[in-house]
file query.txt (compact mmCIF, C-alpha atoms)
# COMPACT_ATOMS: atom_id res chain seq x y z
CA MET A 8 0.00 0.00 0.00
CA LYS A 9 1.48 3.29 -1.08
CA PRO A 10 1.48 6.21 1.40
CA SER A 11 -0.76 9.09 0.42
CA ILE A 12 0.77 12.32 -0.83
CA HIS A 13 -0.50 14.08 2.28
CA ARG A 14 1.06 11.51 4.63
CA LEU A 15 4.40 11.65 2.76
CA SER A 16 4.37 15.43 2.90
CA ALA A 17 3.73 15.34 6.64
CA VAL A 18 6.64 12.95 7.18
CA LEU A 19 8.96 15.12 5.11
CA LEU A 20 7.84 18.22 6.96
CA LEU A 21 8.56 16.53 10.30
CA VAL A 22 12.01 15.43 9.13
CA ALA A 23 12.76 18.90 7.82
CA THR A 24 11.67 20.45 11.08
CA VAL A 25 14.00 18.18 13.04
CA LEU A 26 16.90 18.83 10.69
CA VAL A 27 16.49 22.59 10.60
CA GLY A 28 16.23 22.64 14.38
CA SER A 29 19.57 20.87 14.70
CA PRO A 30 22.49 23.33 15.04
CA ALA A 31 24.73 20.80 13.29
CA ILE A 32 23.00 21.21 9.92
CA ARG A 33 20.86 24.32 10.30
CA ALA A 34 20.13 26.01 6.98
CA GLN A 35 21.23 29.37 8.37
CA ALA A 36 23.39 30.08 11.38
CA SER A 37 21.66 31.82 14.26
CA PRO A 38 22.92 35.07 15.78
CA LEU A 39 22.37 33.56 19.24
CA ALA A 40 23.94 30.55 20.92
CA GLY A 41 21.52 28.01 22.36
CA THR A 42 21.16 26.69 25.86
CA ASP A 43 23.41 23.77 24.91
CA VAL A 44 26.57 25.93 24.57
CA ARG A 45 28.06 24.97 27.96
CA LYS A 46 27.68 21.24 27.30
CA ILE A 47 29.22 21.65 23.86
CA TYR A 48 32.07 23.65 25.44
CA GLU A 49 32.75 20.92 27.98
CA ARG A 50 32.78 18.21 25.32
CA LEU A 51 35.09 20.20 23.06
CA LEU A 52 37.47 21.23 25.83
CA LYS A 53 38.10 17.62 26.86
CA GLN A 54 39.28 16.88 23.32
CA ILE A 55 41.04 20.20 22.77
CA ASP A 56 43.14 19.57 25.87
CA GLN A 57 44.52 16.48 24.10
CA ILE A 58 45.76 18.41 21.04
CA PRO A 59 49.56 18.84 21.10
CA ILE A 60 50.48 22.48 20.65
CA TYR A 61 52.87 23.97 18.11
CA ASP A 62 53.85 27.24 19.81
CA ASN A 63 54.63 29.86 17.17
CA HIS A 64 56.23 32.42 19.50
CA SER A 65 58.03 32.28 22.85
CA HIS A 66 61.04 33.53 24.76
CA ALA A 67 61.77 30.30 26.62
CA THR A 68 64.53 31.24 29.02
CA PHE A 69 65.75 31.76 32.54
CA PRO A 70 65.42 35.42 33.62
CA ASP A 71 69.16 36.18 33.82
CA ASP A 72 69.93 34.94 30.29
CA SER A 73 70.90 38.01 28.26
CA ASP A 74 70.32 36.13 24.98
CA MET A 75 66.58 35.82 25.65
CA ASP A 76 65.87 38.84 23.44
CA ALA A 77 67.63 41.38 21.25
CA GLN A 78 66.36 44.15 23.50
CA ALA A 79 65.39 44.70 27.13
CA ALA A 80 62.50 46.32 28.94
CA PRO A 81 63.10 50.00 29.71
CA PRO A 82 63.02 51.05 33.37
CA ASP A 83 59.76 51.86 35.12
CA GLU A 84 57.53 50.57 32.36
CA SER A 85 53.94 49.93 33.43
CA SER A 86 52.29 46.51 33.33
CA VAL A 87 48.77 45.50 32.36
CA LEU A 88 46.53 44.24 35.16
CA ARG A 89 46.77 40.54 34.38
CA LEU A 90 50.59 40.56 34.43
CA ARG A 91 50.94 42.07 37.87
CA ASP A 92 52.22 39.97 40.77
CA THR A 93 48.80 40.19 42.40
CA ASN A 94 47.20 38.01 39.70
CA PRO A 95 46.28 34.76 41.51
CA GLU A 96 46.52 32.82 38.23
CA PHE A 97 50.32 32.86 38.56
CA VAL A 98 50.05 31.10 41.91
CA THR A 99 47.77 28.53 40.27
CA ALA A 100 50.36 28.06 37.52
CA ALA A 101 53.17 27.55 40.04
CA LYS A 102 51.07 25.00 41.92
CA ALA A 103 50.25 23.12 38.71
CA LEU A 104 53.82 23.06 37.39
CA PHE A 105 55.88 22.75 40.59
CA GLY A 106 53.55 21.85 43.44
CA TYR A 107 54.09 25.32 44.92
CA PRO A 108 52.93 25.03 48.56
CA TYR A 109 51.88 28.65 49.15
CA ASP A 110 48.99 30.89 48.13
CA ASP A 111 50.95 34.08 47.44
CA PHE A 112 54.29 35.40 46.21
CA THR A 113 55.52 37.13 49.34
CA PRO A 114 59.34 37.24 49.29
CA GLU A 115 59.74 34.49 51.88
CA HIS A 116 57.33 32.23 49.97
CA ALA A 117 58.57 33.09 46.47
CA LYS A 118 62.07 32.02 47.53
CA TRP A 119 60.86 28.40 47.46
CA LEU A 120 60.03 28.75 43.76
CA ILE A 121 63.07 30.83 42.87
CA ASP A 122 65.45 28.32 44.48
CA LYS A 123 63.84 25.49 42.51
CA LYS A 124 64.35 27.35 39.24
CA LYS A 125 67.91 28.38 40.10
CA ALA A 126 68.76 24.74 40.76
CA ALA A 127 67.37 23.76 37.35
CA GLU A 128 69.38 26.52 35.68
CA ALA A 129 72.57 25.40 37.45
CA ALA A 130 72.00 21.83 36.28
CA GLY A 131 71.88 23.02 32.67
CA SER A 132 69.95 20.01 31.43
CA THR A 133 67.52 20.17 28.53
CA ALA A 134 65.21 17.93 30.56
CA TYR A 135 63.90 20.88 32.59
CA TRP A 136 62.33 22.89 29.74
CA ASN A 137 61.29 19.72 27.92
CA GLY A 138 59.43 18.81 31.10
CA ILE A 139 57.61 22.14 31.12
CA LEU A 140 56.48 21.53 27.53
CA ASP A 141 55.41 18.00 28.38
CA GLN A 142 53.25 19.15 31.28
CA LEU A 143 51.46 21.59 29.00
CA ASN A 144 51.22 19.23 26.02
CA ILE A 145 53.37 21.50 23.85
CA GLU A 146 55.03 19.44 21.13
CA THR A 147 57.20 22.10 19.47
CA CYS A 148 58.08 25.65 20.45
CA LEU A 149 59.66 28.47 18.46
CA ALA A 150 62.15 30.31 20.67
CA ASN A 151 62.87 33.95 19.82
CA ARG A 152 66.44 34.42 20.98
CA VAL A 153 69.75 36.02 20.02
CA ALA A 154 71.19 32.50 20.13
CA LEU A 155 69.66 29.16 21.11
CA ALA A 156 70.68 28.26 24.67
CA PRO A 157 72.36 24.91 25.43
CA TYR A 158 69.64 24.19 28.00
CA LEU A 159 66.99 24.17 25.22
CA ASP A 160 66.59 20.95 23.25
CA PRO A 161 66.78 21.88 19.52
CA LYS A 162 64.43 18.99 18.75
CA ARG A 163 61.69 20.75 20.72
CA PHE A 164 62.77 24.41 20.62
CA HIS A 165 63.36 25.84 17.15
CA TRP A 166 65.33 29.05 16.81
CA VAL A 167 63.91 32.35 15.51
CA PHE A 168 66.74 34.88 15.18
CA PHE A 169 66.62 38.69 15.19
CA VAL A 170 67.45 40.85 12.16
CA ASP A 171 66.65 44.44 13.21
CA SER A 172 70.33 45.13 13.87
CA PHE A 173 71.01 45.16 10.11
CA LEU A 174 68.99 48.39 9.97
CA PHE A 175 71.40 50.23 12.30
CA PRO A 176 74.96 49.98 10.90
CA PHE A 177 75.86 53.69 11.13
CA ASN A 178 76.53 56.12 13.95
CA ASN A 179 73.32 55.92 16.02
CA ARG A 180 73.83 58.97 18.21
CA ASP A 181 70.60 60.62 17.10
CA GLN A 182 68.66 57.35 17.20
CA THR A 183 69.73 56.63 20.76
CA GLY A 184 68.91 60.15 21.94
CA ARG A 185 65.32 60.22 20.69
CA ASN A 186 63.84 59.11 24.04
CA PRO A 187 64.78 56.99 27.08
CA ASP A 188 63.41 53.80 25.50
CA MET A 189 65.71 54.20 22.48
CA GLY A 190 68.56 54.76 24.92
CA VAL A 191 67.99 51.16 26.03
CA TYR A 192 67.06 49.56 22.70
CA ILE A 193 69.56 50.92 20.17
CA PRO A 194 72.80 49.98 22.01
CA LEU A 195 71.47 46.40 22.19
CA GLN A 196 70.92 46.40 18.42
CA GLU A 197 74.50 47.57 17.97
CA LYS A 198 75.60 44.70 20.19
CA VAL A 199 73.75 42.13 18.05
CA LEU A 200 75.23 43.58 14.85
CA ALA A 201 78.72 43.37 16.36
CA ARG A 202 77.99 39.74 17.20
CA TYR A 203 76.99 38.99 13.63
CA LYS A 204 80.07 40.77 12.30
CA LYS A 205 82.27 38.62 14.50
CA GLN A 206 80.40 35.51 13.38
CA GLU A 207 81.08 36.38 9.73
CA ASN A 208 84.67 37.57 10.33
CA VAL A 209 83.79 41.15 9.34
CA ASN A 210 86.04 43.51 11.29
CA VAL A 211 84.72 46.78 9.85
CA LEU A 212 81.73 47.61 7.71
CA PRO A 213 82.31 46.68 4.06
CA ALA A 214 83.49 49.48 1.79
CA ASP A 215 80.37 49.53 -0.39
CA LEU A 216 76.68 48.62 -0.29
CA ALA A 217 77.22 45.45 -2.28
CA GLY A 218 79.61 44.23 0.40
CA TYR A 219 77.12 45.05 3.15
CA GLU A 220 74.34 43.22 1.31
CA ASN A 221 76.58 40.17 0.97
CA PHE A 222 77.29 40.32 4.72
CA VAL A 223 73.55 40.44 5.46
CA ARG A 224 72.72 37.57 3.13
CA GLN A 225 75.56 35.39 4.40
CA THR A 226 74.52 35.94 8.02
CA LEU A 227 70.97 34.86 7.23
CA ALA A 228 72.19 31.74 5.45
CA ASP A 229 74.57 30.84 8.27
CA ASN A 230 71.90 31.36 10.93
CA GLN A 231 69.61 29.07 8.98
CA LYS A 232 72.36 26.43 8.91
CA LYS A 233 72.61 26.78 12.70
CA GLY A 234 68.96 25.82 13.00
CA GLY A 235 67.13 29.10 12.42
CA VAL A 236 63.61 28.53 11.11
CA ALA A 237 62.47 32.17 10.84
CA MET A 238 63.74 35.73 11.23
CA LYS A 239 62.24 38.21 13.68
CA PHE A 240 61.65 41.96 13.38
CA GLU A 241 61.03 44.07 16.47
CA VAL A 242 61.29 47.15 14.28
CA ALA A 243 57.91 48.52 15.41
CA TYR A 244 59.70 49.57 18.60
CA PHE A 245 62.08 51.80 16.63
CA ARG A 246 60.07 53.28 13.75
CA SER A 247 56.93 52.93 11.63
CA LEU A 248 56.15 49.60 10.00
CA PHE A 249 55.60 51.49 6.76
CA PHE A 250 58.56 50.93 4.45
CA SER A 251 58.93 52.88 1.23
CA ASP A 252 60.60 51.40 -1.86
CA PRO A 253 63.66 53.57 -2.58
CA PRO A 254 65.93 52.90 -5.56
CA ARG A 255 69.20 51.14 -4.81
CA GLU A 256 71.16 54.17 -5.99
CA LYS A 257 69.88 56.27 -3.08
CA ALA A 258 70.80 53.63 -0.52
CA GLU A 259 74.20 53.22 -2.18
CA THR A 260 74.91 56.95 -1.87
CA ILE A 261 73.91 57.01 1.80
CA TYR A 262 76.00 53.94 2.61
CA ALA A 263 79.06 55.40 0.87
CA LYS A 264 78.62 58.61 2.85
CA TYR A 265 78.28 57.10 6.34
CA HIS A 266 79.75 53.60 6.50
CA ALA A 267 83.07 54.97 7.77
CA GLY A 268 81.62 57.64 10.09
CA GLY A 269 79.31 60.60 10.43
CA VAL A 270 75.73 60.84 11.63
CA PRO A 271 73.02 60.43 8.98
CA THR A 272 69.93 62.61 9.08
CA ALA A 273 66.63 60.99 10.05
CA GLU A 274 65.53 61.10 6.42
CA GLU A 275 68.74 59.50 5.14
CA TYR A 276 68.64 56.73 7.75
CA ALA A 277 64.97 55.99 6.91
CA VAL A 278 65.76 55.63 3.19
CA PHE A 279 68.65 53.28 3.90
CA GLN A 280 66.56 51.19 6.31
CA ASP A 281 63.71 50.95 3.82
CA TYR A 282 66.09 49.56 1.21
CA ILE A 283 67.84 47.05 3.50
CA PHE A 284 64.48 45.94 4.86
CA ARG A 285 63.42 44.94 1.37
CA VAL A 286 66.69 43.07 0.89
CA LEU A 287 65.82 41.06 4.02
CA VAL A 288 62.27 40.41 2.80
CA ALA A 289 63.43 39.17 -0.59
CA GLU A 290 66.14 36.99 0.94
CA GLY A 291 63.63 35.47 3.33
CA GLY A 292 61.66 34.29 0.34
CA LYS A 293 64.73 32.78 -1.32
CA LEU A 294 65.80 30.93 1.84
CA LYS A 295 62.25 29.88 2.77
CA LEU A 296 62.63 31.67 6.09
CA PRO A 297 59.32 33.18 7.26
CA LEU A 298 59.50 36.76 8.52
CA HIS A 299 58.03 37.43 11.98
CA PHE A 300 56.94 40.95 12.90
CA HIS A 301 56.05 42.41 16.26
CA SER A 302 52.76 44.02 15.26
CA ALA A 303 50.90 44.97 18.42
CA VAL A 304 51.08 47.19 21.46
CA GLY A 305 54.56 47.18 22.96
CA ILE A 306 56.33 47.76 26.25
CA GLY A 307 57.93 51.04 27.28
CA ASP A 308 56.58 54.56 27.72
CA TYR A 309 57.22 55.69 24.13
CA PHE A 310 55.89 52.85 22.01
CA SER A 311 53.77 54.22 19.15
CA LEU A 312 50.52 52.37 18.48
CA SER A 313 50.13 54.09 15.12
CA ASN A 314 53.66 53.12 14.02
CA GLY A 315 53.02 49.52 15.08
CA ASN A 316 49.67 49.18 13.29
CA PRO A 317 49.95 46.14 10.97
CA LEU A 318 48.16 48.08 8.20
CA ASN A 319 51.45 49.93 7.71
CA LEU A 320 52.86 46.74 6.20
CA GLU A 321 50.13 46.37 3.61
CA ASN A 322 52.20 47.70 0.71
CA VAL A 323 54.86 45.06 1.45
CA LEU A 324 52.50 42.16 2.12
CA ARG A 325 50.62 42.83 -1.12
CA ASP A 326 53.74 43.30 -3.25
CA PRO A 327 53.86 40.55 -5.93
CA ARG A 328 57.66 40.52 -5.74
CA TYR A 329 57.36 38.88 -2.32
CA LYS A 330 54.72 36.27 -3.08
CA SER A 331 57.20 33.52 -2.14
CA THR A 332 57.96 35.13 1.23
CA ASN A 333 55.84 34.05 4.20
CA PHE A 334 54.94 36.75 6.71
CA VAL A 335 53.84 36.10 10.29
CA LEU A 336 52.28 39.05 12.11
CA ILE A 337 52.97 38.28 15.75
CA HIS A 338 50.57 39.07 18.64
CA GLY A 339 47.54 39.36 16.38
CA GLY A 340 48.11 43.07 15.86
CA TYR A 341 46.47 43.67 19.24
CA PRO A 342 44.47 45.87 19.66
CA HIS A 343 44.07 45.97 15.83
CA THR A 344 42.86 42.35 15.72
CA LEU A 345 40.17 42.82 13.07
CA GLU A 346 42.53 44.62 10.70
CA MET A 347 45.06 41.87 11.35
CA ILE A 348 42.89 38.96 10.28
CA TRP A 349 41.98 40.71 7.03
CA MET A 350 45.68 41.04 6.27
CA THR A 351 45.81 37.23 6.26
CA ALA A 352 43.49 37.11 3.25
CA ALA A 353 46.78 36.83 1.35
CA LYS A 354 47.90 33.20 1.28
CA ASN A 355 51.42 34.03 2.47
CA VAL A 356 50.36 36.03 5.56
CA TYR A 357 49.70 34.49 8.98
CA THR A 358 49.04 35.73 12.49
CA ASP A 359 49.18 34.32 16.02
CA SER A 360 47.53 34.95 19.38
CA SER A 361 50.76 35.36 21.36
CA LEU A 362 50.82 38.07 24.06
CA MET A 363 47.00 38.24 23.97
CA GLY A 364 46.88 34.93 25.85
CA TYR A 365 48.02 36.69 29.01
CA TYR A 366 47.25 40.36 28.28
CA VAL A 367 43.48 39.82 28.11
CA TYR A 368 41.27 37.38 29.97
CA PRO A 369 39.76 34.32 28.24
CA SER A 370 36.37 35.99 27.79
CA GLU A 371 37.96 38.62 25.54
CA LEU A 372 40.36 36.21 23.81
CA LYS A 373 37.34 34.05 22.99
CA ASN A 374 35.75 36.94 21.07
CA ILE A 375 38.93 37.59 19.08
CA LEU A 376 39.43 33.92 18.19
CA LYS A 377 35.76 33.56 17.24
CA GLN A 378 36.14 36.41 14.77
CA TRP A 379 39.34 34.96 13.31
CA ILE A 380 37.85 31.46 12.99
CA SER A 381 34.86 32.94 11.18
CA LEU A 382 37.13 34.52 8.56
CA TYR A 383 40.50 32.84 7.89
CA PRO A 384 41.05 29.86 10.22
CA GLU A 385 43.86 28.54 7.99
CA ARG A 386 46.02 31.57 8.78
CA MET A 387 45.80 31.72 12.59
CA MET A 388 48.23 30.08 15.00
CA PHE A 389 48.76 29.72 18.71
CA GLY A 390 51.68 31.54 20.32
CA SER A 391 52.43 31.77 24.02
CA ASP A 392 54.93 34.65 24.14
CA ALA A 393 56.20 32.95 27.29
CA PHE A 394 58.59 35.37 28.97
CA PRO A 395 60.16 35.70 32.43
CA PHE A 396 58.78 38.78 34.16
CA ASN A 397 60.82 38.31 37.32
CA ASP A 398 62.64 35.59 39.24
CA ALA A 399 59.40 34.09 40.56
CA VAL A 400 56.97 34.62 37.66
CA GLY A 401 59.00 33.16 34.83
CA ALA A 402 58.48 31.86 31.32
CA GLU A 403 57.21 28.67 32.95
CA GLU A 404 54.18 30.39 34.48
CA THR A 405 53.46 32.45 31.38
CA PHE A 406 53.62 29.26 29.26
CA TRP A 407 50.93 27.84 31.56
CA LEU A 408 48.76 30.96 31.54
CA ALA A 409 48.90 31.40 27.76
CA THR A 410 48.16 27.74 26.96
CA ARG A 411 45.27 27.45 29.43
CA SER A 412 43.79 30.71 28.18
CA ALA A 413 44.06 29.59 24.56
CA ARG A 414 42.58 26.13 25.06
CA THR A 415 39.60 27.39 27.07
CA SER A 416 39.05 30.41 24.81
CA VAL A 417 39.09 28.50 21.54
CA ALA A 418 36.82 25.83 23.05
CA ALA A 419 34.37 28.55 24.08
CA ALA A 420 34.52 30.28 20.69
CA LEU A 421 33.93 27.02 18.84
CA ALA A 422 31.13 25.97 21.21
CA GLU A 423 29.25 29.17 20.47
CA LEU A 424 29.70 28.70 16.73
CA VAL A 425 28.50 25.09 16.91
CA SER A 426 25.52 26.07 19.03
CA GLU A 427 24.71 28.85 16.54
CA GLY A 428 24.71 26.30 13.73
CA ALA A 429 27.82 27.52 11.92
CA PHE A 430 29.31 24.01 11.72
CA THR A 431 29.42 20.65 13.48
CA GLU A 432 31.45 19.56 16.49
CA PRO A 433 33.76 17.40 14.34
CA ARG A 434 34.46 20.44 12.17
CA ALA A 435 35.06 22.50 15.31
CA LEU A 436 37.76 20.06 16.39
CA GLU A 437 39.37 20.25 12.95
CA LEU A 438 39.54 24.03 13.34
CA ALA A 439 41.00 23.70 16.84
CA HIS A 440 43.75 21.49 15.42
CA LEU A 441 44.52 24.11 12.77
CA TYR A 442 44.90 26.85 15.38
CA LEU A 443 46.80 24.93 18.04
CA HIS A 444 49.06 22.84 15.83
CA ASP A 445 48.53 22.17 12.14
CA ASN A 446 48.84 25.63 10.60
CA ALA A 447 52.23 26.20 12.24
CA ALA A 448 53.42 22.66 11.55
CA LYS A 449 52.65 23.11 7.86
CA LEU A 450 54.30 26.53 7.68
CA TYR A 451 57.57 25.31 9.20
CA GLY A 452 57.68 21.98 7.40
CA GLY A 453 56.27 19.71 10.07
CA LYS A 454 53.45 17.19 9.84
CA PRO A 455 49.84 17.77 10.97

call {"tool": "encode", "arguments": {"input": "query.txt", "output": "structure tokens"}}
result
Amino acid sequence: MKPSIHRLSAVLLLVATVLVGSPAIRAQASPLAGTDVRKIYERLLKQIDQIPIYDNHSHATFPDDSDMDAQAAPPDESSVLRLRDTNPEFVTAAKALFGYPYDDFTPEHAKWLIDKKKAAEAAGSTAYWNGILDQLNIETCLANRVALAPYLDPKRFHWVFFVDSFLFPFNNRDQTGRNPDMGVYIPLQEKVLARYKKQENVNVLPADLAGYENFVRQTLADNQKKGGVAMKFEVAYFRSLFFSDPPREKAETIYAKYHAGGVPTAEEYAVFQDYIFRVLVAEGGKLKLPLHFHSAVGIGDYFSLSNGNPLNLENVLRDPRYKSTNFVLIHGGYPHTLEMIWMTAAKNVYTDSSLMGYYVYPSELKNILKQWISLYPERMMFGSDAFPFNDAVGAEETFWLATRSARTSVAAALAELVSEGAFTEPRALELAHLYLHDNAAKLYGGKP
């Protein structure tokens, strides 16, 4: 007996109603999450906690290691609320990582933690930092450092080396005197350049621009042979991220004028830097070395948010000459996070959530990640920006804080999107893998 048309229609209508009501396959995503969002979050988080992390950006180090960065924090710089010693999350981190027996960081209590870390530093074994990664389920970590420390296992910690020093080969009297921050930063850039010159057996600056370019290119190649996987620019601390495109002849004239002495004008130095910057960008493409850029708010009293805006790099990122160069805009451009994710519309541009994982609380990080996931999930990566803030609150605790914030935040963002009907839970887990591991692993030649 065949079902009547009316009965068949009723069955189909019932099925359609059930299907449309399911957030997994809803015809149109809802602007509101349902009442099931917490249960979805809890299910996702259990699985997201099992995903091994590929950390795109860190400063894994002990606090007295001068090679941890190419620059240092200026004196008396202010700290955001979440990074102050009063944040109880740091105590929670110390308890989780070390079994810290106290509930505060008073000097007499903090000594327990400091002594433990000093003992690990004195031992010099790679097992200590590998153990920190293991506790946090971090598989691989990029370490931004002047040189990779012997206490970091190169199988787990991959070296990202600094290249800003190539922009400051001349007399930097005027650069150093611009403000107190520059008085700290510029001498450290000079120190790194002197280190590279010694590495390449260059006693004095080459006599012409061609010689200087060869020195730059050879240093990059040698650093790559030493294990470097990317080059890092902190140039937003020194000047605008906008780089013009001057002809080589102008840079050649300026180099000839000042390589042996004399103080270039601000305009002359900017032209030279713009040219050498583009040499570095092009060489990064040839060597398959991604370029990392600090592109967010920075420390110090004189950091310029407008100079550090990632939109300043747009003319470089969209230049067809550099289509084989991969760019990584570190720290998500914070607070310019929406502009940042649109920069990654280009297939060779990526960003990460480093710094934000401990600058803002998970409720705000969730909103940023949700926006990124909704636009270009293949271009976003996790980064801890683990850094030692003092002898007690070290890179260990900031590793913990950044990873916990990221896992909970991305789980919450994905749970809302699933509940809204944007995609299914299996797809949500695929996107979590992209963010926490696979995008970075692909970029640096690893396996998903």

call {"tool": "closest_residue", "arguments": {"input": "query.txt", "among": "A:Glu423, A:Glu241, A:Asp56, A:Glu274", "to": "Asp181 in chain A", "atoms": "only C-alpha atoms"}}
result
A:Glu274

call {"tool": "closest_residue", "arguments": {"input": "query.txt", "among": "A:Asp308, A:Glu207, A:Asp76, A:Glu256", "to": "Pro187 in chain A", "atoms": "only C-alpha atoms"}}
result
A:Asp308

call {"tool": "closest_atom_pairs", "arguments": {"input": "query.txt", "of": "range 40-144 of chain A", "to": "range 161-174 of chain A", "cutoff": "12 Å", "atoms": "all atoms listed in the file", "output": "Markdown table"}}
result
| residue | atom | partner | partner_atom | distance |
| --- | --- | --- | --- | --- |
| A:Ile60 | CA | A:Arg163 | CA | 11.3 |
| A:Tyr61 | CA | A:Arg163 | CA | 9.7 |
| A:Asp62 | CA | A:Phe164 | CA | 9.4 |
| A:Asn63 | CA | A:His165 | CA | 9.6 |
| A:His64 | CA | A:Val167 | CA | 8.7 |
| A:Ser65 | CA | A:Val167 | CA | 9.4 |
| A:His66 | CA | A:Val167 | CA | 9.8 |
| A:Ala67 | CA | A:Phe164 | CA | 8.5 |
| A:Thr68 | CA | A:Phe164 | CA | 11.0 |
| A:Asp74 | CA | A:Phe168 | CA | 10.5 |
| A:Met75 | CA | A:Phe168 | CA | 10.5 |
| A:Asp76 | CA | A:Phe169 | CA | 8.3 |
| A:Ala77 | CA | A:Phe169 | CA | 6.7 |
| A:Gln78 | CA | A:Phe169 | CA | 9.9 |
| A:Thr133 | CA | A:Pro161 | CA | 9.2 |
| A:Ala134 | CA | A:Arg163 | CA | 10.8 |
| A:Trp136 | CA | A:Phe164 | CA | 9.3 |
| A:Asn137 | CA | A:Arg163 | CA | 7.3 |
| A:Gly138 | CA | A:Arg163 | CA | 10.8 |
| A:Ile139 | CA | A:Arg163 | CA | 11.3 |
| A:Leu140 | CA | A:Arg163 | CA | 8.6 |
| A:Asp141 | CA | A:Arg163 | CA | 10.3 |
| A:Asn144 | CA | A:Arg163 | CA | 11.8 |

call {"tool": "write_last_selection", "arguments": {"input": "query.txt", "atoms": "C-alpha atoms", "output": "PDB file, in the coordinates of the input"}}
result
ATOM      1  CA  ILE A  60      50.480  22.480  20.650  1.00  0.00           C
ATOM      2  CA  TYR A  61      52.870  23.970  18.110  1.00  0.00           C
ATOM      3  CA  ASP A  62      53.850  27.240  19.810  1.00  0.00           C
ATOM      4  CA  ASN A  63      54.630  29.860  17.170  1.00  0.00           C
ATOM      5  CA  HIS A  64      56.230  32.420  19.500  1.00  0.00           C
ATOM      6  CA  SER A  65      58.030  32.280  22.850  1.00  0.00           C
ATOM      7  CA  HIS A  66      61.040  33.530  24.760  1.00  0.00           C
ATOM      8  CA  ALA A  67      61.770  30.300  26.620  1.00  0.00           C
ATOM      9  CA  THR A  68      64.530  31.240  29.020  1.00  0.00           C
ATOM     10  CA  ASP A  74      70.320  36.130  24.980  1.00  0.00           C
ATOM     11  CA  MET A  75      66.580  35.820  25.650  1.00  0.00           C
ATOM     12  CA  ASP A  76      65.870  38.840  23.440  1.00  0.00           C
ATOM     13  CA  ALA A  77      67.630  41.380  21.250  1.00  0.00           C
ATOM     14  CA  GLN A  78      66.360  44.150  23.500  1.00  0.00           C
ATOM     15  CA  THR A 133      67.520  20.170  28.530  1.00  0.00           C
ATOM     16  CA  ALA A 134      65.210  17.930  30.560  1.00  0.00           C
ATOM     17  CA  TRP A 136      62.330  22.890  29.740  1.00  0.00           C
ATOM     18  CA  ASN A 137      61.290  19.720  27.920  1.00  0.00           C
ATOM     19  CA  GLY A 138      59.430  18.810  31.100  1.00  0.00           C
ATOM     20  CA  ILE A 139      57.610  22.140  31.120  1.00  0.00           C
ATOM     21  CA  LEU A 140      56.480  21.530  27.530  1.00  0.00           C
ATOM     22  CA  ASP A 141      55.410  18.000  28.380  1.00  0.00           C
ATOM     23  CA  ASN A 144      51.220  19.230  26.020  1.00  0.00           C
TER      24      ASN A 144
END

call {"tool": "residues_around", "arguments": {"input": "query.txt", "residues": "Val223 in chain A", "least_positions_apart": "5", "cutoff": "12 Å", "atoms": "all atoms listed in the file", "output": "MDAnalysis selection string"}}
result
chainID A and resid 170:174 176 200 203:204 206:207 209 212:213 216:218 228:230 283:291

call {"tool": "write_last_selection", "arguments": {"input": "query.txt", "atoms": "C-alpha atoms", "output": "PDB file, keeping the file's coordinate frame"}}
result
ATOM      1  CA  VAL A 170      67.450  40.850  12.160  1.00  0.00           C
ATOM      2  CA  ASP A 171      66.650  44.440  13.210  1.00  0.00           C
ATOM      3  CA  SER A 172      70.330  45.130  13.870  1.00  0.00           C
ATOM      4  CA  PHE A 173      71.010  45.160  10.110  1.00  0.00           C
ATOM      5  CA  LEU A 174      68.990  48.390   9.970  1.00  0.00           C
ATOM      6  CA  PRO A 176      74.960  49.980  10.900  1.00  0.00           C
ATOM      7  CA  LEU A 200      75.230  43.580  14.850  1.00  0.00           C
ATOM      8  CA  TYR A 203      76.990  38.990  13.630  1.00  0.00           C
ATOM      9  CA  LYS A 204      80.070  40.770  12.300  1.00  0.00           C
ATOM     10  CA  GLN A 206      80.400  35.510  13.380  1.00  0.00           C
ATOM     11  CA  GLU A 207      81.080  36.380   9.730  1.00  0.00           C
ATOM     12  CA  VAL A 209      83.790  41.150   9.340  1.00  0.00           C
ATOM     13  CA  LEU A 212      81.730  47.610   7.710  1.00  0.00           C
ATOM     14  CA  PRO A 213      82.310  46.680   4.060  1.00  0.00           C
ATOM     15  CA  LEU A 216      76.680  48.620  -0.290  1.00  0.00           C
ATOM     16  CA  ALA A 217      77.220  45.450  -2.280  1.00  0.00           C
ATOM     17  CA  GLY A 218      79.610  44.230   0.400  1.00  0.00           C
ATOM     18  CA  ALA A 228      72.190  31.740   5.450  1.00  0.00           C
ATOM     19  CA  ASP A 229      74.570  30.840   8.270  1.00  0.00           C
ATOM     20  CA  ASN A 230      71.900  31.360  10.930  1.00  0.00           C
ATOM     21  CA  ILE A 283      67.840  47.050   3.500  1.00  0.00           C
ATOM     22  CA  PHE A 284      64.480  45.940   4.860  1.00  0.00           C
ATOM     23  CA  ARG A 285      63.420  44.940   1.370  1.00  0.00           C
ATOM     24  CA  VAL A 286      66.690  43.070   0.890  1.00  0.00           C
ATOM     25  CA  LEU A 287      65.820  41.060   4.020  1.00  0.00           C
ATOM     26  CA  VAL A 288      62.270  40.410   2.800  1.00  0.00           C
ATOM     27  CA  ALA A 289      63.430  39.170  -0.590  1.00  0.00           C
ATOM     28  CA  GLU A 290      66.140  36.990   0.940  1.00  0.00           C
ATOM     29  CA  GLY A 291      63.630  35.470   3.330  1.00  0.00           C
TER      30      GLY A 291
END

call {"tool": "atom_distance", "arguments": {"input": "query.txt", "atom1": "CA of Leu438 in chain A", "atom2": "CA of Ala402 in chain A"}}
result
27.3 Å
